[in-house]
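**Q** Pasting entry.pdb below, which is PDB, C-alpha atoms, pLDDT in the B column.
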```
ATOM      1  CA  MET A   1      12.866  -8.368   7.461  1.00 82.00           C
ATOM      2  CA  ILE A   2      14.929  -5.522   8.963  1.00 91.00           C
ATOM      3  CA  THR A   3      18.259  -5.039   7.199  1.00 94.00           C
ATOM      4  CA  ILE A   4      21.336  -3.350   8.649  1.00 97.00           C
ATOM      5  CA  LYS A   5      23.305  -1.502   5.999  1.00 97.00           C
ATOM      6  CA  SER A   6      27.058  -0.970   5.795  1.00 97.00           C
ATOM      7  CA  GLU A   7      28.524   2.450   5.042  1.00 96.00           C
ATOM      8  CA  SER A   8      29.243   1.377   1.455  1.00 97.00           C
ATOM      9  CA  GLU A   9      25.630   0.273   1.052  1.00 98.00           C
ATOM     10  CA  PHE A  10      24.438   3.607   2.417  1.00 98.00           C
ATOM     11  CA  GLU A  11      26.575   5.306  -0.241  1.00 98.00           C
ATOM     12  CA  LYS A  12      24.612   3.444  -2.897  1.00 98.00           C
ATOM     13  CA  MET A  13      21.358   4.565  -1.272  1.00 98.00           C
ATOM     14  CA  ILE A  14      22.593   8.150  -1.367  1.00 98.00           C
ATOM     15  CA  VAL A  15      23.260   7.847  -5.111  1.00 98.00           C
ATOM     16  CA  ALA A  16      19.742   6.479  -5.644  1.00 98.00           C
ATOM     17  CA  GLY A  17      18.285   9.186  -3.412  1.00 98.00           C
ATOM     18  CA  ARG A  18      19.972  12.012  -5.270  1.00 98.00           C
ATOM     19  CA  VAL A  19      18.587  10.678  -8.540  1.00 98.00           C
ATOM     20  CA  VAL A  20      15.129  10.760  -6.945  1.00 98.00           C
ATOM     21  CA  ALA A  21      15.794  14.369  -5.896  1.00 98.00           C
ATOM     22  CA  GLU A  22      16.783  15.239  -9.467  1.00 98.00           C
ATOM     23  CA  VAL A  23      13.555  13.711 -10.777  1.00 98.00           C
ATOM     24  CA  HIS A  24      11.584  15.758  -8.237  1.00 98.00           C
ATOM     25  CA  ALA A  25      13.240  18.967  -9.426  1.00 98.00           C
ATOM     26  CA  GLU A  26      12.558  18.240 -13.100  1.00 98.00           C
ATOM     27  CA  ILE A  27       8.931  17.326 -12.451  1.00 98.00           C
ATOM     28  CA  ARG A  28       8.425  20.515 -10.425  1.00 98.00           C
ATOM     29  CA  ASN A  29       9.639  22.456 -13.464  1.00 98.00           C
ATOM     30  CA  ALA A  30       7.535  20.488 -15.935  1.00 98.00           C
ATOM     31  CA  ALA A  31       4.225  20.188 -14.067  1.00 98.00           C
ATOM     32  CA  ARG A  32       1.890  22.943 -15.193  1.00 98.00           C
ATOM     33  CA  VAL A  33      -1.621  23.453 -16.537  1.00 98.00           C
ATOM     34  CA  GLY A  34      -2.201  21.226 -19.567  1.00 98.00           C
ATOM     35  CA  VAL A  35       0.610  18.726 -18.918  1.00 98.00           C
ATOM     36  CA  ALA A  36      -0.484  15.086 -18.787  1.00 98.00           C
ATOM     37  CA  LEU A  37       0.529  12.880 -15.890  1.00 98.00           C
ATOM     38  CA  LYS A  38       1.960  10.365 -18.384  1.00 98.00           C
ATOM     39  CA  ALA A  39       4.376  13.024 -19.618  1.00 98.00           C
ATOM     40  CA  LEU A  40       5.727  13.445 -16.085  1.00 98.00           C
ATOM     41  CA  ASP A  41       6.238   9.690 -15.870  1.00 98.00           C
ATOM     42  CA  GLU A  42       8.240   9.743 -19.106  1.00 98.00           C
ATOM     43  CA  ILE A  43      10.488  12.502 -17.743  1.00 98.00           C
ATOM     44  CA  ALA A  44      11.110  10.498 -14.587  1.00 98.00           C
ATOM     45  CA  GLU A  45      11.948   7.223 -16.302  1.00 98.00           C
ATOM     46  CA  LYS A  46      14.408   8.889 -18.686  1.00 98.00           C
ATOM     47  CA  ILE A  47      16.309  10.600 -15.864  1.00 98.00           C
ATOM     48  CA  ILE A  48      16.388   7.467 -13.719  1.00 98.00           C
ATOM     49  CA  ARG A  49      17.771   5.305 -16.526  1.00 98.00           C
ATOM     50  CA  ASP A  50      20.164   7.975 -17.830  1.00 98.00           C
ATOM     51  CA  ARG A  51      21.748   8.120 -14.345  1.00 98.00           C
ATOM     52  CA  GLY A  52      22.434   4.391 -14.307  1.00 98.00           C
ATOM     53  CA  CYS A  53      19.487   3.489 -12.074  1.00 98.00           C
ATOM     54  CA  GLU A  54      16.278   1.544 -12.468  1.00 98.00           C
ATOM     55  CA  PRO A  55      12.764   2.683 -11.488  1.00 98.00           C
ATOM     56  CA  SER A  56      11.687   1.111  -8.198  1.00 98.00           C
ATOM     57  CA  PHE A  57       7.987   1.276  -9.011  1.00 98.00           C
ATOM     58  CA  LEU A  58       7.822  -0.070 -12.573  1.00 98.00           C
ATOM     59  CA  HIS A  59       6.291  -3.577 -12.482  1.00 97.00           C
ATOM     60  CA  TYR A  60       6.183  -3.492  -8.670  1.00 97.00           C
ATOM     61  CA  GLN A  61       4.349  -6.614  -7.480  1.00 95.00           C
ATOM     62  CA  GLY A  62       4.187  -7.558 -11.141  1.00 96.00           C
ATOM     63  CA  THR A  63       1.397  -5.132 -11.990  1.00 97.00           C
ATOM     64  CA  TYR A  64       2.282  -1.459 -11.378  1.00 98.00           C
ATOM     65  CA  PRO A  65       2.576   0.057 -14.870  1.00 98.00           C
ATOM     66  CA  ALA A  66       4.642   3.225 -14.347  1.00 98.00           C
ATOM     67  CA  SER A  67       7.876   4.654 -12.946  1.00 98.00           C
ATOM     68  CA  ILE A  68       6.193   7.165 -10.634  1.00 98.00           C
ATOM     69  CA  CYS A  69       2.977   7.513  -8.699  1.00 98.00           C
ATOM     70  CA  ALA A  70       1.070  10.664  -9.657  1.00 98.00           C
ATOM     71  CA  SER A  71      -1.844  11.328  -7.298  1.00 98.00           C
ATOM     72  CA  PRO A  72      -3.986  14.394  -8.052  1.00 98.00           C
ATOM     73  CA  ASN A  73      -6.508  16.051  -5.740  1.00 98.00           C
ATOM     74  CA  ASP A  74      -8.505  13.370  -3.875  1.00 98.00           C
ATOM     75  CA  VAL A  75      -6.011  10.590  -4.666  1.00 98.00           C
ATOM     76  CA  ILE A  76      -4.080   9.819  -1.494  1.00 98.00           C
ATOM     77  CA  VAL A  77      -1.390   7.542  -2.900  1.00 98.00           C
ATOM     78  CA  HIS A  78      -0.506   5.062  -5.702  1.00 98.00           C
ATOM     79  CA  GLY A  79      -2.103   7.117  -8.465  1.00 98.00           C
ATOM     80  CA  ILE A  80      -1.209   5.699 -11.898  1.00 98.00           C
ATOM     81  CA  PRO A  81      -0.012   8.341 -14.405  1.00 98.00           C
ATOM     82  CA  THR A  82      -2.678   8.639 -17.100  1.00 98.00           C
ATOM     83  CA  ASP A  83      -3.644  10.984 -19.921  1.00 98.00           C
ATOM     84  CA  TYR A  84      -5.228  13.284 -17.320  1.00 98.00           C
ATOM     85  CA  SER A  85      -3.975  16.832 -17.981  1.00 98.00           C
ATOM     86  CA  LEU A  86      -3.311  19.032 -14.977  1.00 98.00           C
ATOM     87  CA  ARG A  87      -5.757  21.874 -14.413  1.00 98.00           C
ATOM     88  CA  ASP A  88      -5.515  25.240 -12.729  1.00 98.00           C
ATOM     89  CA  GLY A  89      -6.074  24.767  -8.991  1.00 98.00           C
ATOM     90  CA  ASP A  90      -5.136  21.078  -8.912  1.00 98.00           C
ATOM     91  CA  ILE A  91      -2.729  19.658  -6.377  1.00 98.00           C
ATOM     92  CA  VAL A  92      -0.699  16.571  -7.240  1.00 98.00           C
ATOM     93  CA  ALA A  93       1.527  14.262  -5.196  1.00 98.00           C
ATOM     94  CA  ILE A  94       4.513  12.772  -7.013  1.00 98.00           C
ATOM     95  CA  ASP A  95       6.162   9.680  -5.519  1.00 98.00           C
ATOM     96  CA  VAL A  96       9.442   8.462  -7.052  1.00 98.00           C
ATOM     97  CA  GLY A  97      11.735   5.513  -6.387  1.00 98.00           C
ATOM     98  CA  ALA A  98      15.113   4.621  -7.920  1.00 98.00           C
ATOM     99  CA  ILE A  99      17.464   1.649  -7.529  1.00 98.00           C
ATOM    100  CA  PHE A 100      21.256   1.986  -7.752  1.00 98.00           C
ATOM    101  CA  GLU A 101      23.282  -1.222  -7.645  1.00 98.00           C
ATOM    102  CA  GLY A 102      20.503  -2.981  -5.755  1.00 98.00           C
ATOM    103  CA  PHE A 103      19.676  -0.226  -3.232  1.00 98.00           C
ATOM    104  CA  HIS A 104      16.645   2.047  -3.181  1.00 98.00           C
ATOM    105  CA  GLY A 105      15.813   5.694  -2.679  1.00 98.00           C
ATOM    106  CA  ASP A 106      12.154   6.710  -2.242  1.00 98.00           C
ATOM    107  CA  ALA A 107      10.602  10.153  -1.768  1.00 98.00           C
ATOM    108  CA  ALA A 108       7.414  12.086  -2.506  1.00 98.00           C
ATOM    109  CA  PHE A 109       6.219  15.686  -2.593  1.00 98.00           C
ATOM    110  CA  THR A 110       2.956  17.497  -3.260  1.00 98.00           C
ATOM    111  CA  MET A 111       2.688  20.691  -5.314  1.00 98.00           C
ATOM    112  CA  GLY A 112      -0.016  23.055  -6.466  1.00 98.00           C
ATOM    113  CA  ILE A 113      -0.767  23.726 -10.125  1.00 98.00           C
ATOM    114  CA  GLY A 114      -1.491  27.330 -11.072  1.00 98.00           C
ATOM    115  CA  ASP A 115      -3.705  29.261  -8.673  1.00 98.00           C
ATOM    116  CA  VAL A 116      -4.470  26.874  -5.806  1.00 98.00           C
ATOM    117  CA  SER A 117      -6.802  27.701  -2.935  1.00 98.00           C
ATOM    118  CA  PRO A 118      -5.403  28.828   0.427  1.00 98.00           C
ATOM    119  CA  GLN A 119      -6.942  25.696   1.941  1.00 98.00           C
ATOM    120  CA  ALA A 120      -5.064  23.472  -0.506  1.00 98.00           C
ATOM    121  CA  ARG A 121      -1.803  25.358   0.006  1.00 98.00           C
ATOM    122  CA  ARG A 122      -2.153  24.994   3.780  1.00 98.00           C
ATOM    123  CA  LEU A 123      -2.731  21.244   3.430  1.00 98.00           C
ATOM    124  CA  ILE A 124       0.426  20.871   1.325  1.00 98.00           C
ATOM    125  CA  ASP A 125       2.558  22.896   3.728  1.00 98.00           C
ATOM    126  CA  VAL A 126       1.287  21.223   6.896  1.00 98.00           C
ATOM    127  CA  THR A 127       1.798  17.735   5.473  1.00 98.00           C
ATOM    128  CA  GLU A 128       5.402  18.631   4.695  1.00 98.00           C
ATOM    129  CA  GLU A 129       5.720  20.006   8.227  1.00 98.00           C
ATOM    130  CA  GLY A 130       4.429  16.693   9.578  1.00 98.00           C
ATOM    131  CA  MET A 131       7.080  14.817   7.628  1.00 98.00           C
ATOM    132  CA  TRP A 132       9.902  16.952   9.031  1.00 98.00           C
ATOM    133  CA  ALA A 133       8.475  16.657  12.539  1.00 98.00           C
ATOM    134  CA  GLY A 134       8.762  12.886  12.185  1.00 98.00           C
ATOM    135  CA  ILE A 135      12.251  13.035  10.687  1.00 98.00           C
ATOM    136  CA  ALA A 136      13.415  15.202  13.595  1.00 97.00           C
ATOM    137  CA  LYS A 137      12.666  12.268  15.924  1.00 97.00           C
ATOM    138  CA  VAL A 138      14.800   9.747  14.019  1.00 97.00           C
ATOM    139  CA  ARG A 139      17.991   8.700  15.790  1.00 95.00           C
ATOM    140  CA  HIS A 140      19.746   5.644  17.188  1.00 96.00           C
ATOM    141  CA  GLY A 141      17.696   4.473  20.184  1.00 96.00           C
ATOM    142  CA  ALA A 142      14.472   6.285  19.254  1.00 97.00           C
ATOM    143  CA  ARG A 143      11.197   4.374  19.122  1.00 98.00           C
ATOM    144  CA  VAL A 144       8.912   4.086  16.125  1.00 98.00           C
ATOM    145  CA  GLY A 145       6.131   5.549  18.284  1.00 98.00           C
ATOM    146  CA  ASP A 146       8.172   8.732  18.773  1.00 98.00           C
ATOM    147  CA  ILE A 147       8.061   9.360  15.026  1.00 98.00           C
ATOM    148  CA  GLY A 148       4.388   8.539  14.587  1.00 98.00           C
ATOM    149  CA  ALA A 149       3.335  10.697  17.527  1.00 98.00           C
ATOM    150  CA  ALA A 150       5.229  13.693  16.142  1.00 98.00           C
ATOM    151  CA  VAL A 151       3.678  13.316  12.693  1.00 98.00           C
ATOM    152  CA  GLU A 152       0.187  12.789  14.071  1.00 98.00           C
ATOM    153  CA  ALA A 153       0.370  15.831  16.354  1.00 98.00           C
ATOM    154  CA  VAL A 154       0.903  18.114  13.365  1.00 98.00           C
ATOM    155  CA  GLY A 155      -2.064  16.694  11.451  1.00 98.00           C
ATOM    156  CA  ARG A 156      -4.376  16.684  14.475  1.00 98.00           C
ATOM    157  CA  ARG A 157      -3.487  20.313  15.231  1.00 98.00           C
ATOM    158  CA  GLU A 158      -5.146  21.253  11.923  1.00 98.00           C
ATOM    159  CA  ASP A 159      -8.010  18.744  12.328  1.00 98.00           C
ATOM    160  CA  TYR A 160      -6.879  16.871   9.224  1.00 98.00           C
ATOM    161  CA  GLY A 161      -7.610  13.228   8.582  1.00 98.00           C
ATOM    162  CA  VAL A 162      -4.329  11.412   9.329  1.00 98.00           C
ATOM    163  CA  VAL A 163      -4.243   8.370   7.061  1.00 98.00           C
ATOM    164  CA  ARG A 164      -3.610   5.165   9.035  1.00 97.00           C
ATOM    165  CA  GLU A 165      -3.931   2.446   6.371  1.00 97.00           C
ATOM    166  CA  TYR A 166      -0.800   3.502   4.447  1.00 98.00           C
ATOM    167  CA  VAL A 167       2.433   4.044   6.363  1.00 98.00           C
ATOM    168  CA  GLY A 168       6.163   4.629   6.136  1.00 98.00           C
ATOM    169  CA  HIS A 169       8.579   1.720   6.033  1.00 98.00           C
ATOM    170  CA  GLY A 170      12.092   0.388   6.190  1.00 98.00           C
ATOM    171  CA  ILE A 171      14.080   0.495   2.964  1.00 98.00           C
ATOM    172  CA  GLY A 172      17.312  -0.908   1.544  1.00 97.00           C
ATOM    173  CA  ARG A 173      17.690  -3.772  -0.909  1.00 96.00           C
ATOM    174  CA  ALA A 174      13.873  -3.853  -1.060  1.00 97.00           C
ATOM    175  CA  MET A 175      11.744  -0.748  -1.402  1.00 96.00           C
ATOM    176  CA  HIS A 176       9.499  -1.898   1.430  1.00 97.00           C
ATOM    177  CA  GLU A 177      11.199  -3.530   4.398  1.00 97.00           C
ATOM    178  CA  GLU A 178      10.416  -3.778   8.084  1.00 97.00           C
ATOM    179  CA  PRO A 179       9.702  -1.940  10.273  1.00 97.00           C
ATOM    180  CA  GLN A 180       6.488  -0.200   9.362  1.00 98.00           C
ATOM    181  CA  ILE A 181       6.539   3.487  10.359  1.00 98.00           C
ATOM    182  CA  PRO A 182       2.935   4.609  11.036  1.00 98.00           C
ATOM    183  CA  ASN A 183       1.971   8.280  10.968  1.00 98.00           C
ATOM    184  CA  TYR A 184       0.475   7.884  14.435  1.00 98.00           C
ATOM    185  CA  GLY A 185       1.739   6.410  17.680  1.00 97.00           C
ATOM    186  CA  THR A 186       2.696   6.797  21.318  1.00 98.00           C
ATOM    187  CA  PRO A 187       6.059   8.233  22.386  1.00 98.00           C
ATOM    188  CA  GLY A 188       8.361   5.620  23.882  1.00 97.00           C
ATOM    189  CA  LYS A 189       6.474   2.729  22.279  1.00 98.00           C
ATOM    190  CA  GLY A 190       7.283   0.516  19.330  1.00 97.00           C
ATOM    191  CA  MET A 191      10.491  -0.871  17.890  1.00 96.00           C
ATOM    192  CA  LYS A 192      13.767   0.772  18.819  1.00 97.00           C
ATOM    193  CA  LEU A 193      15.761   2.174  15.901  1.00 97.00           C
ATOM    194  CA  ARG A 194      19.490   1.550  15.593  1.00 97.00           C
ATOM    195  CA  LYS A 195      22.476   2.439  13.475  1.00 97.00           C
ATOM    196  CA  GLY A 196      22.504   0.778  10.082  1.00 98.00           C
ATOM    197  CA  MET A 197      18.749   1.096   9.545  1.00 98.00           C
ATOM    198  CA  ALA A 198      17.091   3.205   6.866  1.00 98.00           C
ATOM    199  CA  ILE A 199      13.433   4.231   6.946  1.00 98.00           C
ATOM    200  CA  CYS A 200      10.940   6.284   4.961  1.00 98.00           C
ATOM    201  CA  ILE A 201       8.800   8.846   6.761  1.00 98.00           C
ATOM    202  CA  GLU A 202       5.689   9.601   4.672  1.00 98.00           C
ATOM    203  CA  PRO A 203       2.630  11.320   6.113  1.00 98.00           C
ATOM    204  CA  MET A 204      -0.608  11.517   4.154  1.00 98.00           C
ATOM    205  CA  PHE A 205      -3.044  14.128   5.472  1.00 99.00           C
ATOM    206  CA  ASN A 206      -6.601  14.660   4.179  1.00 98.00           C
ATOM    207  CA  LEU A 207      -8.807  17.732   4.424  1.00 98.00           C
ATOM    208  CA  GLY A 208     -11.674  15.551   5.576  1.00 97.00           C
ATOM    209  CA  THR A 209     -11.948  11.974   6.746  1.00 98.00           C
ATOM    210  CA  ALA A 210      -8.909   9.726   7.042  1.00 98.00           C
ATOM    211  CA  GLU A 211     -10.902   6.914   5.426  1.00 98.00           C
ATOM    212  CA  SER A 212     -10.104   5.772   1.902  1.00 98.00           C
ATOM    213  CA  SER A 213     -11.255   3.606  -0.987  1.00 98.00           C
ATOM    214  CA  VAL A 214      -9.380   1.814  -3.758  1.00 98.00           C
ATOM    215  CA  ASP A 215     -10.266   2.127  -7.455  1.00 98.00           C
ATOM    216  CA  ASP A 216     -10.955  -0.844  -9.711  1.00 97.00           C
ATOM    217  CA  ASP A 217      -7.330  -0.708 -10.928  1.00 97.00           C
ATOM    218  CA  ASN A 218      -6.392  -2.073  -7.463  1.00 97.00           C
ATOM    219  CA  TRP A 219      -3.811   0.693  -7.024  1.00 98.00           C
ATOM    220  CA  THR A 220      -5.361   4.161  -6.893  1.00 98.00           C
ATOM    221  CA  VAL A 221      -6.295   5.085  -3.302  1.00 98.00           C
ATOM    222  CA  ARG A 222      -8.771   7.959  -2.862  1.00 98.00           C
ATOM    223  CA  THR A 223     -10.248   9.831   0.067  1.00 98.00           C
ATOM    224  CA  ALA A 224     -13.601   8.309   0.963  1.00 98.00           C
ATOM    225  CA  ASP A 225     -15.289  11.735   0.959  1.00 98.00           C
ATOM    226  CA  GLY A 226     -13.659  13.131  -2.202  1.00 98.00           C
ATOM    227  CA  GLN A 227     -11.728  15.853  -0.393  1.00 98.00           C
ATOM    228  CA  LEU A 228      -8.096  16.757  -1.059  1.00 98.00           C
ATOM    229  CA  SER A 229      -5.112  14.773   0.182  1.00 98.00           C
ATOM    230  CA  ALA A 230      -1.384  15.570   0.367  1.00 99.00           C
ATOM    231  CA  HIS A 231       1.628  13.242   0.662  1.00 98.00           C
ATOM    232  CA  TRP A 232       5.293  13.879   1.498  1.00 98.00           C
ATOM    233  CA  GLU A 233       8.165  11.434   1.991  1.00 98.00           C
ATOM    234  CA  HIS A 234      11.935  11.233   2.455  1.00 98.00           C
ATOM    235  CA  THR A 235      14.342   8.344   2.966  1.00 98.00           C
ATOM    236  CA  VAL A 236      16.421   8.656   6.156  1.00 98.00           C
ATOM    237  CA  ALA A 237      19.574   6.633   6.901  1.00 98.00           C
ATOM    238  CA  ILE A 238      20.838   6.160  10.448  1.00 97.00           C
ATOM    239  CA  THR A 239      24.534   5.880   9.644  1.00 96.00           C
ATOM    240  CA  ARG A 240      27.411   5.389  12.030  1.00 94.00           C
ATOM    241  CA  LYS A 241      28.371   9.026  11.427  1.00 91.00           C
ATOM    242  CA  GLY A 242      24.884  10.413  11.982  1.00 92.00           C
ATOM    243  CA  LEU A 243      21.587  10.899  10.192  1.00 95.00           C
ATOM    244  CA  VAL A 244      21.435  11.382   6.407  1.00 97.00           C
ATOM    245  CA  VAL A 245      18.317  12.323   4.432  1.00 98.00           C
ATOM    246  CA  THR A 246      19.379  10.450   1.318  1.00 98.00           C
ATOM    247  CA  THR A 247      16.700  11.889  -0.980  1.00 98.00           C
ATOM    248  CA  LEU A 248      17.686  15.542  -0.575  1.00 98.00           C
ATOM    249  CA  PRO A 249      19.742  17.119  -3.375  1.00 96.00           C
ATOM    250  CA  GLU A 250      23.490  17.122  -2.811  1.00 92.00           C
ATOM    251  CA  GLY A 251      24.509  20.037  -0.589  1.00 90.00           C
ATOM    252  CA  VAL A 252      20.981  20.750   0.678  1.00 92.00           C
ATOM    253  CA  GLU A 253      20.559  20.551   4.454  1.00 88.00           C
ATOM    254  CA  PRO A 254      17.308  19.481   6.155  1.00 90.00           C
ATOM    255  CA  PRO A 255      15.207  22.451   7.365  1.00 87.00           C
ATOM    256  CA  VAL A 256      15.079  21.016  10.906  1.00 79.00           C
ATOM    257  CA  PRO A 257      17.815  19.677  13.201  1.00 78.00           C
ATOM    258  CA  VAL A 258      18.138  15.916  12.681  1.00 79.00           C
ATOM    259  CA  GLY A 259      19.943  13.051  14.374  1.00 69.00           C
TER     260      GLY A 259
END
```
The structure in this file should be written as C-alpha cells.
**A**
Amino acid sequence: MITIKSESEFEKMIVAGRVVAEVHAEIRNAARVGVALKALDEIAEKIIRDRGCEPSFLHYQGTYPASICASPNDVIVHGIPTDYSLRDGDIVAIDVGAIFEGFHGDAAFTMGIGDVSPQARRLIDVTEEGMWAGIAKVRHGARVGDIGAAVEAVGRREDYGVVREYVGHGIGRAMHEEPQIPNYGTPGKGMKLRKGMAICIEPMFNLGTAESSVDDDNWTVRTADGQLSAHWEHTVAITRKGLVVTTLPEGVEPPVPVG
C-alpha cells in the first residue's frame, strides 16, 4: 500500500535516516582488513539502540538474524554478517535500516577494503553515480519510469549487469511499501509520484551478468557468474517544502540538484 506522510511523520523519518547515516560513518571507520562482518553488525546495533531507534532488519520476515546486511564481493544484496574477516582488495556493501517512533530510514553504500582494483573502484563509483542519477529525477509529478531509466542508463553506459530482480521501494511505517522502484524503465511511464510519498532508490550493478542466485540460507543473493557487485541506496522524501534525502548526515547536501 502507498502511504502519504505528514510533515511530522517525515520529521520522524529524518531522525531515523540520520541514525542510519551515523551508522554508515562508524562502519566506514571500522571496516578494515581483518575485521569480521559480525563486528560491524554489533557496531550498528549499538548505535541504533543508543539513539532511541530499533533496527529495521533484525527479525525481518521472522528470520533475518542481524541488524545490517553485509554483502562482500560477489554478494549482491541481503548478505548476513558472519565471522568472515575482510581481506585486502575486498569490496563490501553495507545496508542499514532504523526505525524511530514507527518510521523507517534505509540506506546502503559500498566501500573498498585496502588496495582494491581499479575495476572494483570504478564499479563502486558508477553504482553510486547511478543512484544519484535516479534521485535527481524524483519530484512531485515524476514517473517511476523516469527514475529507472536514469539509473539504467548509467549502468548500461559501462556495460554492467543492471540487477532487475531486486528493486527500490516505497518506505514509511513499513520498510518496504509500494510502489516498487525498478532500476530500469521507460521515461514517462509508470506510477506518478506525489507529495507525501517517500521512496528508496537503490541500484545494484554487477561487473558481469545481471543474473543472480540465492544461497541455502534463503537470504544471501550472489551474482550468477561470481563477479563483483555494488549496491547504493538512499531514502528520499517528497515533502510539501521540497525533496529531502533523509539518510544523509545533518547539514550535508546532495551532490546533484534534487527536487
**Q** On this structure, which residues satisfy the PyMOL selection byres ((chain A and resi 141-154) around 6), written as a count of residues only?
**A** 22
**Q** Could you list, as a list in words, every residue within 6 Å of Ile201 of chain A, counting only C-alpha atoms and ignoring same-chain residues fewer than 4 positions away?
**A**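 Here the qualifying residues turn out to be Gly168, Glu233 and His234 of chain A.
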**Q** Using only C-alpha atoms, please write the residues we just selected to a file, as a JSON list (two decimals), in the coordinates of the input.
**A**
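Output contents, as saved in selection11.json:
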```json
[["chain", "number", "residue", "atom", "x", "y", "z"],
["A", 168, "GLY", "CA", 6.16, 4.63, 6.14],
["A", 233, "GLU", "CA", 8.16, 11.43, 1.99],
["A", 234, "HIS", "CA", 11.94, 11.23, 2.46]]
```
**Q** Looking at A:Cys69, A:Val23, A:Cys200, A:Ala31, which one is nearest to Pro179 of chain A, with distances taken over only C-alpha atoms?
**A** A:Cys200
**Q** Applied to the shown file, which residues does the PyMOL selection byres ((chain A and resi 45) around 12) return, written as an MDAnalysis selection string?
**A** chainID A and resid 19:20 22:24 26:27 38:44 46:58 65:69 96:99
**Q** Give me the residues near Asp88 of chain A as a list in words, where near means some atom within 10 Å (using all atoms listed in the file) and where sequence neighbours in that chain fewer than 2 positions away do not count.
**A**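 So the residues in contact are Arg32, Val33, Gly34, Leu86, Asp90, Ile91, Gly112, Ile113, Gly114, Asp115 and Val116 of chain A.
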**Q** Using Å and a single decimal, report how far atom CA of Trp232 of chain A sits from atom CA of Met131 of chain A.
**A** 6.5 Å
**Q** For a test of reading the model, state the distance in Å between atom CA of Met175 of chain A and atom CA of Pro257 of chain A, rounded to one decimal.
**A**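 Computing the Euclidean distance for atom CA of Met175 of chain A and atom CA of Pro257 of chain A yields 25.8 Å.
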**Q** Fix up segment 129-142 of chain A with N, CA and C atoms, then write it as an mmCIF file, in the frame of the given file.
**A**
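Generated output (rebuild_6.cif):
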```
data_model
loop_
_atom_site.group_PDB
_atom_site.id
_atom_site.type_symbol
_atom_site.label_atom_id
_atom_site.label_comp_id
_atom_site.auth_asym_id
_atom_site.auth_seq_id
_atom_site.Cartn_x
_atom_site.Cartn_y
_atom_site.Cartn_z
ATOM 1 N N GLU A 129 5.312 19.762 6.842
ATOM 2 C CA GLU A 129 5.720 20.006 8.227
ATOM 3 C C GLU A 129 5.647 18.726 9.059
ATOM 4 N N GLY A 130 4.573 17.947 8.861
ATOM 5 C CA GLY A 130 4.429 16.693 9.578
ATOM 6 C C GLY A 130 5.558 15.726 9.274
ATOM 7 N N MET A 131 5.961 15.681 8.004
ATOM 8 C CA MET A 131 7.080 14.817 7.628
ATOM 9 C C MET A 131 8.357 15.220 8.363
ATOM 10 N N TRP A 132 8.669 16.498 8.377
ATOM 11 C CA TRP A 132 9.902 16.952 9.031
ATOM 12 C C TRP A 132 9.820 16.785 10.542
ATOM 13 N N ALA A 133 8.629 16.910 11.102
ATOM 14 C CA ALA A 133 8.475 16.657 12.539
ATOM 15 C C ALA A 133 8.821 15.208 12.863
ATOM 16 N N GLY A 134 8.409 14.285 11.991
ATOM 17 C CA GLY A 134 8.762 12.886 12.185
ATOM 18 C C GLY A 134 10.241 12.639 11.998
ATOM 19 N N ILE A 135 10.827 13.224 10.954
ATOM 20 C CA ILE A 135 12.251 13.035 10.687
ATOM 21 C C ILE A 135 13.097 13.553 11.843
ATOM 22 N N ALA A 136 12.665 14.638 12.474
ATOM 23 C CA ALA A 136 13.415 15.202 13.595
ATOM 24 C C ALA A 136 13.516 14.244 14.783
ATOM 25 N N LYS A 137 12.656 13.238 14.821
ATOM 26 C CA LYS A 137 12.666 12.268 15.924
ATOM 27 C C LYS A 137 13.529 11.044 15.624
ATOM 28 N N VAL A 138 14.041 10.934 14.404
ATOM 29 C CA VAL A 138 14.800 9.747 14.019
ATOM 30 C C VAL A 138 16.219 9.840 14.576
ATOM 31 N N ARG A 139 16.624 8.810 15.282
ATOM 32 C CA ARG A 139 17.991 8.700 15.790
ATOM 33 C C ARG A 139 18.187 7.302 16.351
ATOM 34 N N HIS A 140 19.437 6.912 16.530
ATOM 35 C CA HIS A 140 19.746 5.644 17.188
ATOM 36 C C HIS A 140 19.125 5.631 18.581
ATOM 37 N N GLY A 141 18.334 4.600 18.880
ATOM 38 C CA GLY A 141 17.696 4.473 20.184
ATOM 39 C C GLY A 141 16.294 5.021 20.266
ATOM 40 N N ALA A 142 15.853 5.780 19.251
ATOM 41 C CA ALA A 142 14.472 6.285 19.254
ATOM 42 C C ALA A 142 13.502 5.145 18.995
#
```
